[in-house]
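K.L.:
Structure supplied as upload.pdb; contents: PDB, C-alpha atoms and all ligand atoms.
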ATOM      1  CA  MET Q 272       0.000   0.000   0.000  1.00  0.00           C
ATOM      2  CA  LEU Q 273       1.207   3.479  -0.854  1.00  0.00           C
ATOM      3  CA  LYS Q 274      -0.188   6.079   1.475  1.00  0.00           C
ATOM      4  CA  ILE Q 275       0.322   9.821   1.416  1.00  0.00           C
ATOM      5  CA  GLU Q 276      -0.438  12.056   4.345  1.00  0.00           C
ATOM      6  CA  ASN Q 277      -0.653  15.812   4.035  1.00  0.00           C
ATOM      7  CA  LEU Q 278       1.651  15.769   1.022  1.00  0.00           C
ATOM      8  CA  ALA Q 279       2.436  19.310  -0.046  1.00  0.00           C
ATOM      9  CA  TYR Q 280       4.872  20.861  -2.486  1.00  0.00           C
ATOM     10  CA  LYS Q 281       5.885  24.465  -2.794  1.00  0.00           C
ATOM     11  CA  THR Q 282       8.181  26.158  -5.263  1.00  0.00           C
ATOM     12  CA  GLY Q 283       9.120  29.769  -4.623  1.00  0.00           C
ATOM     13  CA  ASN Q 284       5.929  31.400  -3.410  1.00  0.00           C
ATOM     14  CA  GLU Q 285       3.685  29.025  -5.249  1.00  0.00           C
ATOM     15  CA  GLN Q 286       1.948  26.227  -3.392  1.00  0.00           C
ATOM     16  CA  ILE Q 287       1.698  23.560  -6.092  1.00  0.00           C
ATOM     17  CA  LEU Q 288       0.304  20.689  -4.004  1.00  0.00           C
ATOM     18  CA  GLN Q 289      -1.995  21.564  -1.138  1.00  0.00           C
ATOM     19  CA  GLY Q 290      -1.634  18.812   1.445  1.00  0.00           C
ATOM     20  CA  ILE Q 291      -2.988  15.661  -0.139  1.00  0.00           C
ATOM     21  CA  ASN Q 292      -4.166  12.567   1.714  1.00  0.00           C
ATOM     22  CA  TYR Q 293      -4.638   9.372  -0.234  1.00  0.00           C
ATOM     23  CA  GLU Q 294      -4.191   5.613  -0.074  1.00  0.00           C
ATOM     24  CA  PHE Q 295      -3.249   3.577  -3.134  1.00  0.00           C
ATOM     25  CA  GLU Q 296      -4.067  -0.088  -2.593  1.00  0.00           C
ATOM     26  CA  ASN Q 297      -1.759  -2.787  -3.886  1.00  0.00           C
ATOM     27  CA  GLY Q 298      -2.581  -4.277  -7.259  1.00  0.00           C
ATOM     28  CA  LYS Q 299      -5.130  -1.693  -8.282  1.00  0.00           C
ATOM     29  CA  PHE Q 300      -5.196   0.366 -11.437  1.00  0.00           C
ATOM     30  CA  TYR Q 301      -5.458   4.110 -10.888  1.00  0.00           C
ATOM     31  CA  VAL Q 302      -5.835   6.851 -13.431  1.00  0.00           C
ATOM     32  CA  ILE Q 303      -5.094  10.387 -12.320  1.00  0.00           C
ATOM     33  CA  THR Q 304      -6.748  12.998 -14.477  1.00  0.00           C
ATOM     34  CA  GLY Q 305      -7.472  16.727 -14.373  1.00  0.00           C
ATOM     35  CA  HIS Q 306      -6.705  19.877 -16.337  1.00  0.00           C
ATOM     36  CA  ASN Q 307      -3.242  21.027 -17.321  1.00  0.00           C
ATOM     37  CA  GLY Q 308      -1.492  22.579 -14.370  1.00  0.00           C
ATOM     38  CA  ALA Q 309      -3.605  20.688 -11.809  1.00  0.00           C
ATOM     39  CA  GLY Q 310      -0.458  19.212 -10.264  1.00  0.00           C
ATOM     40  CA  LYS Q 311      -0.559  15.654 -11.622  1.00  0.00           C
ATOM     41  CA  SER Q 312       3.060  15.495 -12.802  1.00  0.00           C
ATOM     42  CA  THR Q 313       4.197  17.233  -9.624  1.00  0.00           C
ATOM     43  CA  LEU Q 314       2.407  14.651  -7.482  1.00  0.00           C
ATOM     44  CA  ALA Q 315       4.013  11.827  -9.494  1.00  0.00           C
ATOM     45  CA  LYS Q 316       7.464  13.379  -9.090  1.00  0.00           C
ATOM     46  CA  CYS Q 317       6.934  13.819  -5.338  1.00  0.00           C
ATOM     47  CA  LEU Q 318       5.886  10.172  -5.030  1.00  0.00           C
ATOM     48  CA  MET Q 319       9.001   9.056  -6.877  1.00  0.00           C
ATOM     49  CA  GLY Q 320      11.295  11.406  -4.934  1.00  0.00           C
ATOM     50  CA  LEU Q 321      12.242  13.639  -7.847  1.00  0.00           C
ATOM     51  CA  TYR Q 322      10.776  16.580  -5.942  1.00  0.00           C
ATOM     52  CA  LYS Q 323      11.128  16.995  -2.215  1.00  0.00           C
ATOM     53  CA  SER Q 324       7.653  17.347  -0.714  1.00  0.00           C
ATOM     54  CA  SER Q 325       6.516  17.857   2.850  1.00  0.00           C
ATOM     55  CA  GLY Q 326       4.211  15.416   4.611  1.00  0.00           C
ATOM     56  CA  LYS Q 327       4.495  11.647   4.716  1.00  0.00           C
ATOM     57  CA  ILE Q 328       4.799   9.008   2.021  1.00  0.00           C
ATOM     58  CA  ILE Q 329       4.383   5.507   3.398  1.00  0.00           C
ATOM     59  CA  LEU Q 330       5.140   2.454   1.287  1.00  0.00           C
ATOM     60  CA  ASN Q 331       4.017  -0.855   2.788  1.00  0.00           C
ATOM     61  CA  GLY Q 332       4.261   0.575   6.282  1.00  0.00           C
ATOM     62  CA  GLU Q 333       7.649   2.239   5.820  1.00  0.00           C
ATOM     63  CA  GLU Q 334       8.068   6.012   5.668  1.00  0.00           C
ATOM     64  CA  ILE Q 335       9.928   6.817   2.457  1.00  0.00           C
ATOM     65  CA  GLN Q 336       9.613  10.601   2.180  1.00  0.00           C
ATOM     66  CA  ASP Q 337      13.296  11.066   2.995  1.00  0.00           C
ATOM     67  CA  LYS Q 338      14.484   8.345   0.634  1.00  0.00           C
ATOM     68  CA  SER Q 339      16.186   9.114  -2.676  1.00  0.00           C
ATOM     69  CA  VAL Q 340      14.856   8.219  -6.115  1.00  0.00           C
ATOM     70  CA  ASP Q 341      17.254   5.261  -6.246  1.00  0.00           C
ATOM     71  CA  GLU Q 342      16.149   3.978  -2.867  1.00  0.00           C
ATOM     72  CA  ARG Q 343      12.498   4.246  -3.895  1.00  0.00           C
ATOM     73  CA  ALA Q 344      13.329   2.440  -7.144  1.00  0.00           C
ATOM     74  CA  ASN Q 345      14.956  -0.348  -5.125  1.00  0.00           C
ATOM     75  CA  LEU Q 346      11.787  -0.589  -3.060  1.00  0.00           C
ATOM     76  CA  GLY Q 347       9.891  -1.351  -6.263  1.00  0.00           C
ATOM     77  CA  MET Q 348       8.739   2.006  -7.575  1.00  0.00           C
ATOM     78  CA  GLY Q 349       9.128   3.011 -11.206  1.00  0.00           C
ATOM     79  CA  PHE Q 350       8.339   6.214 -13.058  1.00  0.00           C
ATOM     80  CA  ALA Q 351       7.961   7.076 -16.738  1.00  0.00           C
ATOM     81  CA  PHE Q 352       8.238  10.805 -17.443  1.00  0.00           C
ATOM     82  CA  GLN Q 353       5.735  12.898 -19.373  1.00  0.00           C
ATOM     83  CA  GLN Q 354       8.723  14.223 -21.300  1.00  0.00           C
ATOM     84  CA  PRO Q 355      11.389  11.535 -21.389  1.00  0.00           C
ATOM     85  CA  ILE Q 356      14.948  12.608 -20.841  1.00  0.00           C
ATOM     86  CA  THR Q 357      17.606  11.727 -23.383  1.00  0.00           C
ATOM     87  CA  PHE Q 358      21.101  10.755 -22.326  1.00  0.00           C
ATOM     88  CA  LYS Q 359      23.926  11.304 -24.729  1.00  0.00           C
ATOM     89  CA  GLY Q 360      25.912   8.152 -25.389  1.00  0.00           C
ATOM     90  CA  ILE Q 361      23.361   5.856 -23.745  1.00  0.00           C
ATOM     91  CA  ARG Q 362      21.777   3.227 -25.950  1.00  0.00           C
ATOM     92  CA  VAL Q 363      18.368   1.586 -25.577  1.00  0.00           C
ATOM     93  CA  ILE Q 364      19.994  -1.683 -24.517  1.00  0.00           C
ATOM     94  CA  ASP Q 365      21.929   0.104 -21.740  1.00  0.00           C
ATOM     95  CA  LEU Q 366      18.681   1.423 -20.342  1.00  0.00           C
ATOM     96  CA  LEU Q 367      17.033  -2.000 -20.440  1.00  0.00           C
ATOM     97  CA  LYS Q 368      20.066  -3.655 -18.802  1.00  0.00           C
ATOM     98  CA  VAL Q 369      19.416  -1.630 -15.638  1.00  0.00           C
ATOM     99  CA  GLY Q 370      16.457  -3.932 -15.020  1.00  0.00           C
ATOM    100  CA  GLY Q 371      18.602  -7.070 -15.178  1.00  0.00           C
ATOM    101  CA  GLY Q 372      17.104  -9.671 -17.496  1.00  0.00           C
ATOM    102  CA  ASP Q 373      18.629 -10.989 -20.684  1.00  0.00           C
ATOM    103  CA  PHE Q 374      18.665 -10.318 -24.395  1.00  0.00           C
ATOM    104  CA  ASN Q 375      15.494 -12.319 -25.046  1.00  0.00           C
ATOM    105  CA  GLU Q 376      13.658 -10.265 -22.456  1.00  0.00           C
ATOM    106  CA  TYR Q 377      14.853  -6.985 -23.976  1.00  0.00           C
ATOM    107  CA  GLU Q 378      13.576  -8.114 -27.361  1.00  0.00           C
ATOM    108  CA  ALA Q 379      10.231  -9.194 -25.960  1.00  0.00           C
ATOM    109  CA  ILE Q 380       9.759  -5.912 -24.097  1.00  0.00           C
ATOM    110  CA  LEU Q 381      10.599  -3.789 -27.140  1.00  0.00           C
ATOM    111  CA  LYS Q 382       8.122  -5.771 -29.240  1.00  0.00           C
ATOM    112  CA  LYS Q 383       5.509  -5.239 -26.564  1.00  0.00           C
ATOM    113  CA  VAL Q 384       5.827  -1.478 -26.895  1.00  0.00           C
ATOM    114  CA  GLY Q 385       5.719  -1.749 -30.689  1.00  0.00           C
ATOM    115  CA  LEU Q 386       9.416  -1.265 -31.487  1.00  0.00           C
ATOM    116  CA  GLU Q 387      11.341  -3.677 -33.696  1.00  0.00           C
ATOM    117  CA  PRO Q 388      14.305  -4.842 -31.560  1.00  0.00           C
ATOM    118  CA  LYS Q 389      16.827  -4.977 -34.390  1.00  0.00           C
ATOM    119  CA  ASP Q 390      16.099  -1.363 -35.283  1.00  0.00           C
ATOM    120  CA  TYR Q 391      16.107   0.034 -31.776  1.00  0.00           C
ATOM    121  CA  LEU Q 392      18.191  -2.031 -29.353  1.00  0.00           C
ATOM    122  CA  PHE Q 393      21.455  -0.322 -30.258  1.00  0.00           C
ATOM    123  CA  ARG Q 394      20.054   3.119 -31.038  1.00  0.00           C
ATOM    124  CA  GLU Q 395      21.392   5.979 -28.975  1.00  0.00           C
ATOM    125  CA  LEU Q 396      18.852   7.902 -26.888  1.00  0.00           C
ATOM    126  CA  ASN Q 397      19.133  11.211 -28.660  1.00  0.00           C
ATOM    127  CA  ASN Q 398      17.050  13.623 -30.671  1.00  0.00           C
ATOM    128  CA  THR Q 399      17.054  11.431 -33.772  1.00  0.00           C
ATOM    129  CA  LEU Q 400      14.262   9.520 -32.013  1.00  0.00           C
ATOM    130  CA  SER Q 401      10.745  10.927 -32.245  1.00  0.00           C
ATOM    131  CA  GLY Q 402       8.781  11.890 -29.138  1.00  0.00           C
ATOM    132  CA  GLY Q 403       6.584   8.809 -29.522  1.00  0.00           C
ATOM    133  CA  GLU Q 404       9.616   6.524 -29.869  1.00  0.00           C
ATOM    134  CA  LEU Q 405      11.184   8.007 -26.747  1.00  0.00           C
ATOM    135  CA  LYS Q 406       7.953   7.510 -24.816  1.00  0.00           C
ATOM    136  CA  ARG Q 407       7.828   3.870 -25.841  1.00  0.00           C
ATOM    137  CA  ILE Q 408      11.491   3.305 -24.973  1.00  0.00           C
ATOM    138  CA  GLU Q 409      10.910   4.850 -21.582  1.00  0.00           C
ATOM    139  CA  LEU Q 410       7.884   2.637 -21.064  1.00  0.00           C
ATOM    140  CA  ALA Q 411      10.024  -0.377 -22.023  1.00  0.00           C
ATOM    141  CA  SER Q 412      12.651   0.625 -19.479  1.00  0.00           C
ATOM    142  CA  VAL Q 413      10.059   0.802 -16.683  1.00  0.00           C
ATOM    143  CA  LEU Q 414       8.568  -2.539 -17.751  1.00  0.00           C
ATOM    144  CA  SER Q 415      12.026  -4.147 -17.796  1.00  0.00           C
ATOM    145  CA  ARG Q 416      12.378  -3.561 -14.074  1.00  0.00           C
ATOM    146  CA  LYS Q 417      10.623  -5.814 -11.618  1.00  0.00           C
ATOM    147  CA  ILE Q 418       8.588  -3.073 -10.060  1.00  0.00           C
ATOM    148  CA  GLU Q 419       5.589  -3.254  -7.781  1.00  0.00           C
ATOM    149  CA  ILE Q 420       4.291   0.238  -8.408  1.00  0.00           C
ATOM    150  CA  GLY Q 421       4.489   1.821 -11.829  1.00  0.00           C
ATOM    151  CA  ILE Q 422       3.764   5.516 -12.317  1.00  0.00           C
ATOM    152  CA  PHE Q 423       3.286   6.548 -15.953  1.00  0.00           C
ATOM    153  CA  ASP Q 424       2.892  10.199 -16.821  1.00  0.00           C
ATOM    154  CA  GLU Q 425       0.705  10.614 -19.924  1.00  0.00           C
ATOM    155  CA  PRO Q 426       2.114   7.517 -21.643  1.00  0.00           C
ATOM    156  CA  GLU Q 427      -0.191   7.927 -24.633  1.00  0.00           C
ATOM    157  CA  ALA Q 428       1.130  11.371 -25.583  1.00  0.00           C
ATOM    158  CA  GLY Q 429       2.634  11.342 -29.059  1.00  0.00           C
ATOM    159  CA  ILE Q 430       1.702   7.736 -29.662  1.00  0.00           C
ATOM    160  CA  ASP Q 431      -0.295   6.835 -32.755  1.00  0.00           C
ATOM    161  CA  LEU Q 432      -3.485   4.824 -32.749  1.00  0.00           C
ATOM    162  CA  TRP Q 433      -1.892   1.498 -33.638  1.00  0.00           C
ATOM    163  CA  SER Q 434       0.518   1.657 -30.762  1.00  0.00           C
ATOM    164  CA  PHE Q 435      -2.183   3.087 -28.528  1.00  0.00           C
ATOM    165  CA  ASN Q 436      -3.950  -0.273 -28.771  1.00  0.00           C
ATOM    166  CA  ASN Q 437      -0.696  -1.997 -27.857  1.00  0.00           C
ATOM    167  CA  LEU Q 438      -0.253   0.386 -24.977  1.00  0.00           C
ATOM    168  CA  ILE Q 439      -3.643  -0.590 -23.609  1.00  0.00           C
ATOM    169  CA  ASN Q 440      -2.563  -4.249 -23.801  1.00  0.00           C
ATOM    170  CA  VAL Q 441       0.700  -3.459 -22.022  1.00  0.00           C
ATOM    171  CA  PHE Q 442      -1.152  -1.862 -19.134  1.00  0.00           C
ATOM    172  CA  SER Q 443      -3.732  -4.629 -18.940  1.00  0.00           C
ATOM    173  CA  GLU Q 444      -0.904  -7.138 -18.683  1.00  0.00           C
ATOM    174  CA  PHE Q 445       0.931  -5.049 -16.102  1.00  0.00           C
ATOM    175  CA  GLN Q 446      -2.254  -4.906 -14.067  1.00  0.00           C
ATOM    176  CA  ASN Q 447      -2.863  -8.643 -14.402  1.00  0.00           C
ATOM    177  CA  GLN Q 448       0.501  -9.238 -12.765  1.00  0.00           C
ATOM    178  CA  ASN Q 449      -0.992  -7.674  -9.687  1.00  0.00           C
ATOM    179  CA  ARG Q 450       1.210  -4.619  -9.728  1.00  0.00           C
ATOM    180  CA  THR Q 451      -0.098  -1.238  -8.709  1.00  0.00           C
ATOM    181  CA  THR Q 452      -0.518   0.945 -11.756  1.00  0.00           C
ATOM    182  CA  ILE Q 453      -0.825   4.709 -11.561  1.00  0.00           C
ATOM    183  CA  ILE Q 454      -1.345   6.371 -14.928  1.00  0.00           C
ATOM    184  CA  ILE Q 455      -1.754  10.059 -15.527  1.00  0.00           C
ATOM    185  CA  SER Q 456      -4.033  10.351 -18.527  1.00  0.00           C
ATOM    186  CA  HIS Q 457      -6.795  12.288 -20.241  1.00  0.00           C
ATOM    187  CA  GLN Q 458      -7.793   9.385 -22.460  1.00  0.00           C
ATOM    188  CA  GLU Q 459     -11.211   7.913 -21.911  1.00  0.00           C
ATOM    189  CA  ARG Q 460      -9.989   4.511 -23.117  1.00  0.00           C
ATOM    190  CA  VAL Q 461      -7.291   4.488 -20.460  1.00  0.00           C
ATOM    191  CA  MET Q 462      -9.706   5.728 -17.804  1.00  0.00           C
ATOM    192  CA  LYS Q 463     -12.114   2.921 -18.653  1.00  0.00           C
ATOM    193  CA  LEU Q 464      -9.447   0.409 -17.575  1.00  0.00           C
ATOM    194  CA  ALA Q 465      -9.162   2.017 -14.169  1.00  0.00           C
ATOM    195  CA  ASP Q 466     -10.338   0.537 -10.909  1.00  0.00           C
ATOM    196  CA  ILE Q 467     -10.213   4.047  -9.520  1.00  0.00           C
ATOM    197  CA  ILE Q 468     -10.151   7.440 -11.226  1.00  0.00           C
ATOM    198  CA  ILE Q 469      -8.621  10.317  -9.280  1.00  0.00           C
ATOM    199  CA  VAL Q 470      -9.428  13.857 -10.358  1.00  0.00           C
ATOM    200  CA  MET Q 471      -7.019  16.655  -9.459  1.00  0.00           C
ATOM    201  CA  LYS Q 472      -7.602  20.392  -9.505  1.00  0.00           C
ATOM    202  CA  ASP Q 473      -5.487  23.255  -8.137  1.00  0.00           C
ATOM    203  CA  GLY Q 474      -3.036  20.955  -6.386  1.00  0.00           C
ATOM    204  CA  GLN Q 475      -5.663  18.853  -4.678  1.00  0.00           C
ATOM    205  CA  ILE Q 476      -7.553  15.643  -5.210  1.00  0.00           C
ATOM    206  CA  ILE Q 477     -11.143  16.775  -5.670  1.00  0.00           C
ATOM    207  CA  LYS Q 478     -12.702  13.431  -6.492  1.00  0.00           C
ATOM    208  CA  SER Q 479     -11.893   9.729  -6.539  1.00  0.00           C
ATOM    209  CA  GLY Q 480     -14.002   6.680  -7.209  1.00  0.00           C
ATOM    210  CA  SER Q 481     -14.724   3.832  -9.611  1.00  0.00           C
ATOM    211  CA  ALA Q 482     -14.538   4.503 -13.346  1.00  0.00           C
ATOM    212  CA  LYS Q 483     -18.266   3.927 -13.534  1.00  0.00           C
ATOM    213  CA  THR Q 484     -19.082   6.675 -11.062  1.00  0.00           C
ATOM    214  CA  VAL Q 485     -16.404   9.233 -11.986  1.00  0.00           C
ATOM    215  CA  LEU Q 486     -16.302   8.992 -15.817  1.00  0.00           C
ATOM    216  CA  PRO Q 487     -19.823  10.353 -16.372  1.00  0.00           C
ATOM    217  CA  THR Q 488     -18.983  13.408 -14.261  1.00  0.00           C
ATOM    218  CA  LEU Q 489     -16.014  14.414 -16.434  1.00  0.00           C
ATOM    219  CA  ASN Q 490     -16.290  16.677 -19.447  1.00  0.00           C
ATOM    220  CA  ILE Q 491     -14.320  14.647 -21.958  1.00  0.00           C
TER     221      ILE Q 491
HETATM  222  N1  LIG Q 501       9.573  23.244 -11.133  1.00  0.00           N
HETATM  223  C1  LIG Q 501       8.531  24.074 -11.153  1.00  0.00           C
HETATM  224  N2  LIG Q 501       8.708  25.389 -10.912  1.00  0.00           N
HETATM  225  C2  LIG Q 501       7.661  26.237 -10.925  1.00  0.00           C
HETATM  226  N3  LIG Q 501       6.417  25.867 -11.171  1.00  0.00           N
HETATM  227  C3  LIG Q 501       6.176  24.587 -11.431  1.00  0.00           C
HETATM  228  C4  LIG Q 501       7.231  23.616 -11.437  1.00  0.00           C
HETATM  229  N4  LIG Q 501       6.678  22.422 -11.724  1.00  0.00           N
HETATM  230  C5  LIG Q 501       5.363  22.633 -11.883  1.00  0.00           C
HETATM  231  N5  LIG Q 501       5.053  23.923 -11.715  1.00  0.00           N
HETATM  232  C6  LIG Q 501       3.713  24.519 -11.768  1.00  0.00           C
HETATM  233  O1  LIG Q 501       2.916  23.684 -10.959  1.00  0.00           O
HETATM  234  C7  LIG Q 501       1.618  23.542 -11.501  1.00  0.00           C
HETATM  235  C8  LIG Q 501       1.328  22.068 -11.687  1.00  0.00           C
HETATM  236  O2  LIG Q 501       2.118  21.571 -12.742  1.00  0.00           O
HETATM  237  P1  LIG Q 501       2.078  20.056 -13.199  1.00  0.00           P
HETATM  238  O3  LIG Q 501       2.271  19.196 -12.011  1.00  0.00           O
HETATM  239  O4  LIG Q 501       3.045  19.898 -14.311  1.00  0.00           O
HETATM  240  O5  LIG Q 501       0.585  19.918 -13.715  1.00  0.00           O
HETATM  241  P2  LIG Q 501      -0.094  18.806 -14.622  1.00  0.00           P
HETATM  242  O6  LIG Q 501       0.844  17.660 -14.760  1.00  0.00           O
HETATM  243  O7  LIG Q 501      -1.350  18.451 -13.900  1.00  0.00           O
HETATM  244  O8  LIG Q 501      -0.395  19.468 -15.938  1.00  0.00           O
HETATM  245  C9  LIG Q 501       1.611  24.373 -12.770  1.00  0.00           C
HETATM  246  O9  LIG Q 501       1.038  25.603 -12.462  1.00  0.00           O
HETATM  247  C10 LIG Q 501       3.082  24.503 -13.133  1.00  0.00           C
HETATM  248  O10 LIG Q 501       3.294  25.676 -13.837  1.00  0.00           O
HETATM  249 MG    MG Q 502       1.738  16.793 -16.413  1.00  0.00          MG
END
Just give me the structure of the file as structure tokens.
Ligand SMILES: Nc1ncnc2c1ncn2[C@@H]1O[C@H](COP(=O)(O)OP(=O)(O)O)[C@@H](O)[C@H]1O
Ligand SMILES: [Mg+2]
P.N.:
Amino acid sequence: MLKIENLAYKTGNEQILQGINYEFENGKFYVITGHNGAGKSTLAKCLMGLYKSSGKIILNGEEIQDKSVDERANLGMGFAFQQPITFKGIRVIDLLKVGGGDFNEYEAILKKVGLEPKDYLFRELNNTLSGGELKRIELASVLSRKIEIGIFDEPEAGIDLWSFNNLINVFSEFQNQNRTTIIISHQERVMKLADIIIVMKDGQIIKSGSAKTVLPTLNI
């Protein structure tokens, strides 16, 4: 279980997150939605330790708010950025190796995200890759790690319809393995997969409930 208590984040004079309380249950599929600027990416980054928030973050009974990104990753948390970062000189295979595994696994994971292994495994992560390709590579790198909680920030952005269908399959499979899935998304098709939809506004959670109850209340 991932629990947050009074989680707040401030930058300069601006209070970005307002003191959020929430409990993510193990194995459930959550979609966080809400308008641009609501604080979704900030919340994800606070959970992962990329931003230092105040309040408590409790993972399976252990307080982790003072732990680094690496420590949180070792505890089974993974994060895929809204805007993936490129690393000069790093190849796709280097990124996948971080998760352990072997060559066959790397190939299988790349195929899962709709990338032909022979074309991508040895590509460098630089600006010759399109935004959609980078998103899929980042997704592959999160999937290659044996994580318990996956946080994906707008994974569908820049991805075409064909791979969008694959993406849905990837998340269904991830969920079937009983991992906790937290996806930030505006897509109705992604929201329909959710056990729980969380709606954020002005740095707060204003609503959360089953897809059936929350979806009809959204203007999408
Ligand atoms: N590092 C930062 N410095 C200043 N303002 C930020 C920073 N990160 C986010 N913000 C602001 O915080 C608010 C929430 O941003 P964000 O979490 O990216 O929203 P969302 O992902 O819901 O679109 C926005 O008003 C944004 O401009
Ligand atoms: Mg965002």
K.L.:
List the spatial neighbours of Ile361 (chain Q) as a list in words - criterion: any atom at most 10 Å away, all atoms listed in the file, same-chain residues fewer than 5 positions off excluded.
P.N.:
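Once the adjacent positions are removed, what remains is Leu366, Phe393, Arg394, Glu395, Leu396 and Asn397 of chain Q.
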K.L.:
For the contact check between chain Q and ligand LIG 501 (chain Q), emit one row per residue of chain Q within 7 Å, containing the shortest atom pair and the distance in Å rounded to one decimal, counting only C-alpha atoms and all ligand atoms, chain then rising number order, as a tab-separated table.
P.N.:
residue	atom	partner	partner_atom	distance
Q:Thr282	CA	Q:LIG501	C2	5.7
Q:Ile287	CA	Q:LIG501	O1	5.0
Q:Gly305	CA	Q:LIG501	O7	6.4
Q:His306	CA	Q:LIG501	O7	6.1
Q:Asn307	CA	Q:LIG501	O8	3.5
Q:Gly308	CA	Q:LIG501	O5	3.4
Q:Ala309	CA	Q:LIG501	O7	3.8
Q:Gly310	CA	Q:LIG501	O3	3.2
Q:Lys311	CA	Q:LIG501	O7	3.7
Q:Ser312	CA	Q:LIG501	O6	3.7
Q:Thr313	CA	Q:LIG501	O3	3.6
Q:Leu314	CA	Q:LIG501	O3	6.4
Q:Gly474	CA	Q:LIG501	C8	7.0
K.L.:
Just say which residues the PyMOL selection byres (((chain Q and resi 452) around 8) and not hetatm) picks in this file, as a ChimeraX atom specification.
P.N.:
/Q:298-301,420-423,442,445-446,450-451,453-454
K.L.:
Counting all atoms listed in the file, which residue out of Q:Val369, Q:Ala351, Q:Ser412, Q:Ile329 sits closest to Leu381 (chain Q)?
P.N.:
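Going through Q:Val369, Q:Ala351, Q:Ser412, Q:Ile329 one by one, the smallest distance to Leu381 (chain Q) is for Q:Ser412.
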K.L.:
Nearest to Ile439 (chain Q): which of Q:Glu334, Q:Ile418, Q:Gly385, Q:Asp365 is it, counting only C-alpha atoms?
P.N.:
Q:Gly385
K.L.:
Between Q:Lys368, Q:His457, Q:Lys478, Q:Lys472, single out the one closest to Asn490 (chain Q), counting only C-alpha atoms.
P.N.:
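Result for the nearest residue to Asn490 (chain Q): Q:His457.
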K.L.:
Could you expand the PyMOL selection byres (((chain Q and resi 437) around 12) and not hetatm) into the explicit residues it covers here, written as a ChimeraX atom specification?
P.N.:
/Q:380-386,407,410,426-427,430-436,438-444,461
K.L.:
In Å, with one decimal, what is the gap from CA of Arg416 (chain Q) to CA of Arg343 (chain Q)?
P.N.:
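For CA of Arg416 (chain Q) relative to CA of Arg343 (chain Q), the distance reads 12.8 Å.
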K.L.:
Evaluate the PyMOL selection byres (((chain Q and resi 353) around 6) and not hetatm) here and jot the selected residues down as a list in words.
P.N.:
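In the shown coordinates, the PyMOL selection byres (((chain Q and resi 353) around 6) and not hetatm) covers Phe352, Gln354, Asp424 and Glu425 of chain Q.
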K.L.:
Tell me, in Å to one decimal, how far CA of Leu367 (chain Q) is from CA of Leu414 (chain Q).
P.N.:
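Straight-line distance from CA of Leu367 (chain Q) to CA of Leu414 (chain Q) works out to 8.9 Å.
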K.L.:
For Gly480 (chain Q), please output as a PDB file with C-alpha atoms, keeping the file's coordinate frame all residues within 9 Å (counting only C-alpha atoms; exclusion window: fewer than 3 positions along the same chain).
P.N.:
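As a result, around-v2.pdb now contains:
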ATOM      1  CA  ASP Q 466     -10.338   0.537 -10.909  1.00  0.00           C
ATOM      2  CA  ILE Q 467     -10.213   4.047  -9.520  1.00  0.00           C
ATOM      3  CA  ILE Q 468     -10.151   7.440 -11.226  1.00  0.00           C
ATOM      4  CA  ILE Q 469      -8.621  10.317  -9.280  1.00  0.00           C
ATOM      5  CA  LYS Q 483     -18.266   3.927 -13.534  1.00  0.00           C
ATOM      6  CA  THR Q 484     -19.082   6.675 -11.062  1.00  0.00           C
ATOM      7  CA  VAL Q 485     -16.404   9.233 -11.986  1.00  0.00           C
TER       8      VAL Q 485
END
K.L.:
Which one is closest to ligand MG 502 (chain Q): Q:Ile303, Q:Thr357, Q:Glu296, Q:Gln289? Count all atoms listed in the file.
P.N.:
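Going through Q:Ile303, Q:Thr357, Q:Glu296, Q:Gln289 one by one, the smallest distance to ligand MG 502 (chain Q) is for Q:Ile303.
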K.L.:
Could you complete region 378-386 of chain Q so that it carries N, CA and C atoms, and give it back as a compact mmCIF listing (two decimals), keeping the file's coordinate frame?
P.N.:
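The result, written out as result-v2.txt:
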# COMPACT_ATOMS: atom_id res chain seq x y z
N GLU Q 378 14.28 -8.03 -26.07
CA GLU Q 378 13.58 -8.11 -27.36
C GLU Q 378 12.07 -8.18 -27.16
N ALA Q 379 11.67 -9.00 -26.21
CA ALA Q 379 10.23 -9.19 -25.96
C ALA Q 379 9.60 -7.88 -25.49
N ILE Q 380 10.31 -7.17 -24.63
CA ILE Q 380 9.76 -5.91 -24.10
C ILE Q 380 9.64 -4.86 -25.21
N LEU Q 381 10.67 -4.77 -26.05
CA LEU Q 381 10.60 -3.79 -27.14
C LEU Q 381 9.44 -4.10 -28.08
N LYS Q 382 9.24 -5.39 -28.37
CA LYS Q 382 8.12 -5.77 -29.24
C LYS Q 382 6.81 -5.38 -28.60
N LYS Q 383 6.73 -5.58 -27.29
CA LYS Q 383 5.51 -5.24 -26.56
C LYS Q 383 5.13 -3.77 -26.72
N VAL Q 384 6.14 -2.91 -26.75
CA VAL Q 384 5.83 -1.48 -26.90
C VAL Q 384 5.85 -1.05 -28.37
N GLY Q 385 5.88 -2.04 -29.27
CA GLY Q 385 5.72 -1.75 -30.69
C GLY Q 385 6.98 -1.26 -31.38
N LEU Q 386 8.15 -1.65 -30.85
CA LEU Q 386 9.42 -1.26 -31.49
C LEU Q 386 10.16 -2.53 -31.92
